[in-house]
Amino acid sequence: MTEKYAIEATGLTKIYGSGDAEVIALDHVDLAVARGRFTAIMGPSGSGKSTFMHCAAGLDRPTSGEVRLGGTPLSGLRDNDLTDLRRERVGFVFQSFNLLPTLTALENITLPLDLAGRRPDRELLDRLVGTLGIEGRLGHRPNQLSGGQQQRVACARALVTGPDVVFADEPTGALDSEMSAQLLGFLRESVTELGQTIVVVTHDPGVAEYTDEIVRLADGRVTGKAAL
Ligand SMILES: Nc1ncnc2c1ncn2[C@@H]1O[C@H](COP(=O)(O)OP(=O)(O)OP(=O)(O)O)[C@@H](O)[C@H]1O
């Protein structure tokens with residue numbers, strides 16, 4: 001990817017429902033996320049953070065406006081192509097980990113590559129596993145891992161394809177403060193050391209300490225953008 005921005009949203013609008021039940025979740029949002037940066041999207045409940053993430057990641061279609069992911073306009077893609085793009089160029093870290101219980105940690109980590117018919121980049125895989133300190137746990141199933149270890153496996157899985165962008169939705173929501181600090185430290189390191197682009201959606205004001213930029217949303221609009 002040679003573009004300056006990992007994500008460029010222009011006039012991004014998402015309206016749910018109609019008539020009296022109409023909700024304008026995103027209202028002509030213009031937002032560019034630079035590559036190789038750690039960006040937090042913050043704002044009160046209902047401000048449109050999750051909706052922005054879903055539209056930017058190609059999980060949902062906007063009502064109008066455009067998202068370019070690594071330079072590719074998403075509006076022109078058919079559903080199958082959007083699924084492929086998501087699989088190959090986007091990584092996700094969810095609060096609930098979403099690990100598959102029957103697979104080992106290593107199998108969970110390499111699952112996105114297996115689905116795409118790709119071989120792991122051995123060096124990247126070793127680096128991720130080493131940085132996350134889960135070398136000794138790769139043969140274990142999720143129920144044999146602590147919450148923090150499961151979260152680290154989920155992080156490795158999100159990063160293993162070398163995606164254009166990793167989205168993390170409230171990644172610290174289920175973690176205690178020590179585990180949260182470890183996870184955010186790792187995400188920070190993957191931006192600094194690996195040049196990964198990460199966008200985190202969060203209520204947690206402590207996340208700001210780790211990020212390069214904060215975008216604030218209120219009522220579906222960008223109300224502030226600050227580089228830290
Ligand atoms: N599927 C849906 N149908 C109808 N309205 C929706 C739907 N999803 C979200 N909304 C509404 O859109 C607005 C933005 O929701 P969104 O989930 O993006 O906010 P958020 O900032 O992520 O909130 P939270 O921090 O509580 O997760 C809210 O008013 C919400 O009620």
# chains A, B, ... in the order shown; residues from 1 in each chain; ligands from 1
call {"tool": "closest_atom_pairs", "arguments": {"of": "chain A", "to": "ligand 1", "cutoff": "8 Å", "atoms": "only C-alpha atoms and all ligand atoms", "output": "Markdown table"}}
result
| residue | atom | partner | partner_atom_place_in_ligand_line | distance |
| --- | --- | --- | --- | --- |
| A:Ile15 | CA | ligand 1 | 12 (O) | 7.7 |
| A:Tyr16 | CA | ligand 1 | 4 (C) | 4.8 |
| A:Gly17 | CA | ligand 1 | 4 (C) | 6.0 |
| A:Glu22 | CA | ligand 1 | 5 (N) | 7.9 |
| A:Val23 | CA | ligand 1 | 12 (O) | 5.9 |
| A:Ile24 | CA | ligand 1 | 12 (O) | 6.6 |
| A:Ala25 | CA | ligand 1 | 12 (O) | 4.2 |
| A:Leu26 | CA | ligand 1 | 14 (C) | 7.3 |
| A:Met42 | CA | ligand 1 | 21 (O) | 7.7 |
| A:Gly43 | CA | ligand 1 | 21 (O) | 6.1 |
| A:Pro44 | CA | ligand 1 | 21 (O) | 5.9 |
| A:Ser45 | CA | ligand 1 | 26 (O) | 3.5 |
| A:Gly46 | CA | ligand 1 | 19 (O) | 3.4 |
| A:Ser47 | CA | ligand 1 | 21 (O) | 3.8 |
| A:Gly48 | CA | ligand 1 | 18 (O) | 3.2 |
| A:Lys49 | CA | ligand 1 | 21 (O) | 3.9 |
| A:Ser50 | CA | ligand 1 | 22 (O) | 3.6 |
| A:Thr51 | CA | ligand 1 | 18 (O) | 3.7 |
| A:Phe52 | CA | ligand 1 | 18 (O) | 6.4 |
| A:Val201 | CA | ligand 1 | 22 (O) | 7.8 |
| A:Thr202 | CA | ligand 1 | 25 (O) | 7.3 |
| A:His203 | CA | ligand 1 | 25 (O) | 6.7 |
| A:Leu217 | CA | ligand 1 | 21 (O) | 7.6 |
| A:Ala218 | CA | ligand 1 | 21 (O) | 8.0 |
| A:Asp219 | CA | ligand 1 | 14 (C) | 7.6 |
| A:Gly220 | CA | ligand 1 | 14 (C) | 6.9 |
call {"tool": "residues_around", "arguments": {"residues": "segment 208-214 of chain A", "least_positions_apart": "3", "cutoff": "12 Å", "atoms": "only C-alpha atoms", "output": "MDAnalysis selection string"}}
result
chainID A and resid 31:43 180:192 197:205 217 222:228
call {"tool": "closest_atom_pairs", "arguments": {"of": "segment 5-120 of chain A", "to": "segment 156-170 of chain A", "cutoff": "10 Å", "atoms": "only C-alpha atoms", "output": "CSV"}}
result
residue,atom,partner,partner_atom,distance
A:Tyr5,CA,A:Asp164,CA,9.6
A:Ala6,CA,A:Asp164,CA,6.2
A:Ile7,CA,A:Val165,CA,8.1
A:Val33,CA,A:Val165,CA,9.6
A:Arg35,CA,A:Asp164,CA,8.0
A:Gly36,CA,A:Val165,CA,8.8
A:Arg37,CA,A:Val165,CA,9.6
A:Phe38,CA,A:Val166,CA,9.6
A:Thr39,CA,A:Phe167,CA,9.7
A:Ala40,CA,A:Ala168,CA,9.4
A:Ile41,CA,A:Asp169,CA,9.7
A:Lys49,CA,A:Asp169,CA,9.1
A:Ser50,CA,A:Asp169,CA,7.6
A:Met53,CA,A:Phe167,CA,7.3
A:His54,CA,A:Phe167,CA,9.4
A:Ala56,CA,A:Phe167,CA,9.3
A:Ala57,CA,A:Phe167,CA,7.7
A:Leu69,CA,A:Asp164,CA,7.7
A:Gly70,CA,A:Asp164,CA,6.3
A:Leu85,CA,A:Pro163,CA,9.9
A:Arg86,CA,A:Pro163,CA,9.0
A:Arg87,CA,A:Thr161,CA,8.7
A:Glu88,CA,A:Pro163,CA,6.7
A:Arg89,CA,A:Pro163,CA,4.3
A:Val90,CA,A:Pro163,CA,5.0
A:Gly91,CA,A:Ala158,CA,4.3
A:Phe92,CA,A:Phe167,CA,5.0
A:Val93,CA,A:Ala168,CA,4.5
A:Phe94,CA,A:Asp169,CA,5.4
A:Gln95,CA,A:Glu170,CA,5.8
A:Ser96,CA,A:Glu170,CA,9.5
A:Leu99,CA,A:Arg157,CA,9.3
A:Ala105,CA,A:Arg157,CA,9.3
A:Leu106,CA,A:Arg157,CA,8.9
A:Glu107,CA,A:Arg157,CA,9.3
A:Asn108,CA,A:Arg157,CA,6.7
A:Ile109,CA,A:Arg157,CA,4.0
A:Thr110,CA,A:Arg157,CA,6.4
A:Leu111,CA,A:Arg157,CA,7.4
A:Pro112,CA,A:Thr161,CA,7.1
A:Leu113,CA,A:Thr161,CA,6.5
A:Ala116,CA,A:Thr161,CA,9.5
A:Arg118,CA,A:Thr161,CA,8.9
A:Arg119,CA,A:Thr161,CA,9.6
A:Pro120,CA,A:Val160,CA,7.5
call {"tool": "select_by_dssp", "arguments": {"residues": "chain A", "states": "helix (DSSP H, G or I)", "output": "PyMOL selection string"}}
result
chain A and resi 19-21+49-56+74-76+79-89+105-115+122-132+135-137+142-144+147-159+177-194+205-209
call {"tool": "select_by_dssp", "arguments": {"residues": "segment 87-226 of chain A", "states": "strand (DSSP E)", "output": "list of chain:residue names"}}
result
A:Val90, A:Gly91, A:Phe92, A:Val93, A:Phe94, A:Val165, A:Val166, A:Phe167, A:Ala168, A:Asp169, A:Ile198, A:Val199, A:Val200, A:Val201, A:Glu213, A:Ile214, A:Val215, A:Arg216, A:Leu217, A:Ala218, A:Arg221, A:Val222, A:Thr223, A:Gly224, A:Lys225, A:Ala226
call {"tool": "write_last_selection", "arguments": {"atoms": "C-alpha atoms", "output": "mmCIF file, in the first residue's frame"}}
result
data_model
loop_
_atom_site.group_PDB
_atom_site.id
_atom_site.type_symbol
_atom_site.label_atom_id
_atom_site.label_comp_id
_atom_site.auth_asym_id
_atom_site.auth_seq_id
_atom_site.Cartn_x
_atom_site.Cartn_y
_atom_site.Cartn_z
ATOM 1 C CA VAL A 90 -8.283 -5.644 7.794
ATOM 2 C CA GLY A 91 -7.618 -7.095 11.241
ATOM 3 C CA PHE A 92 -10.064 -7.038 14.139
ATOM 4 C CA VAL A 93 -9.633 -7.235 17.900
ATOM 5 C CA PHE A 94 -12.933 -7.600 19.738
ATOM 6 C CA VAL A 165 -5.467 -1.440 9.330
ATOM 7 C CA VAL A 166 -6.335 -3.157 12.608
ATOM 8 C CA PHE A 167 -9.594 -2.096 14.279
ATOM 9 C CA ALA A 168 -9.957 -2.699 17.988
ATOM 10 C CA ASP A 169 -13.432 -2.243 19.483
ATOM 11 C CA ILE A 198 -4.350 0.766 14.422
ATOM 12 C CA VAL A 199 -7.718 2.367 15.103
ATOM 13 C CA VAL A 200 -9.191 1.810 18.527
ATOM 14 C CA VAL A 201 -12.766 2.663 19.447
ATOM 15 C CA GLU A 213 -4.145 10.874 17.679
ATOM 16 C CA ILE A 214 -7.628 11.210 19.144
ATOM 17 C CA VAL A 215 -10.719 11.787 17.072
ATOM 18 C CA ARG A 216 -13.789 12.853 19.003
ATOM 19 C CA LEU A 217 -17.289 12.113 17.796
ATOM 20 C CA ALA A 218 -20.569 13.531 19.100
ATOM 21 C CA ARG A 221 -20.065 14.281 13.728
ATOM 22 C CA VAL A 222 -16.355 14.819 14.233
ATOM 23 C CA THR A 223 -16.059 17.445 16.948
ATOM 24 C CA GLY A 224 -12.338 17.361 17.473
ATOM 25 C CA LYS A 225 -9.114 15.855 16.255
ATOM 26 C CA ALA A 226 -5.932 16.121 18.239
#
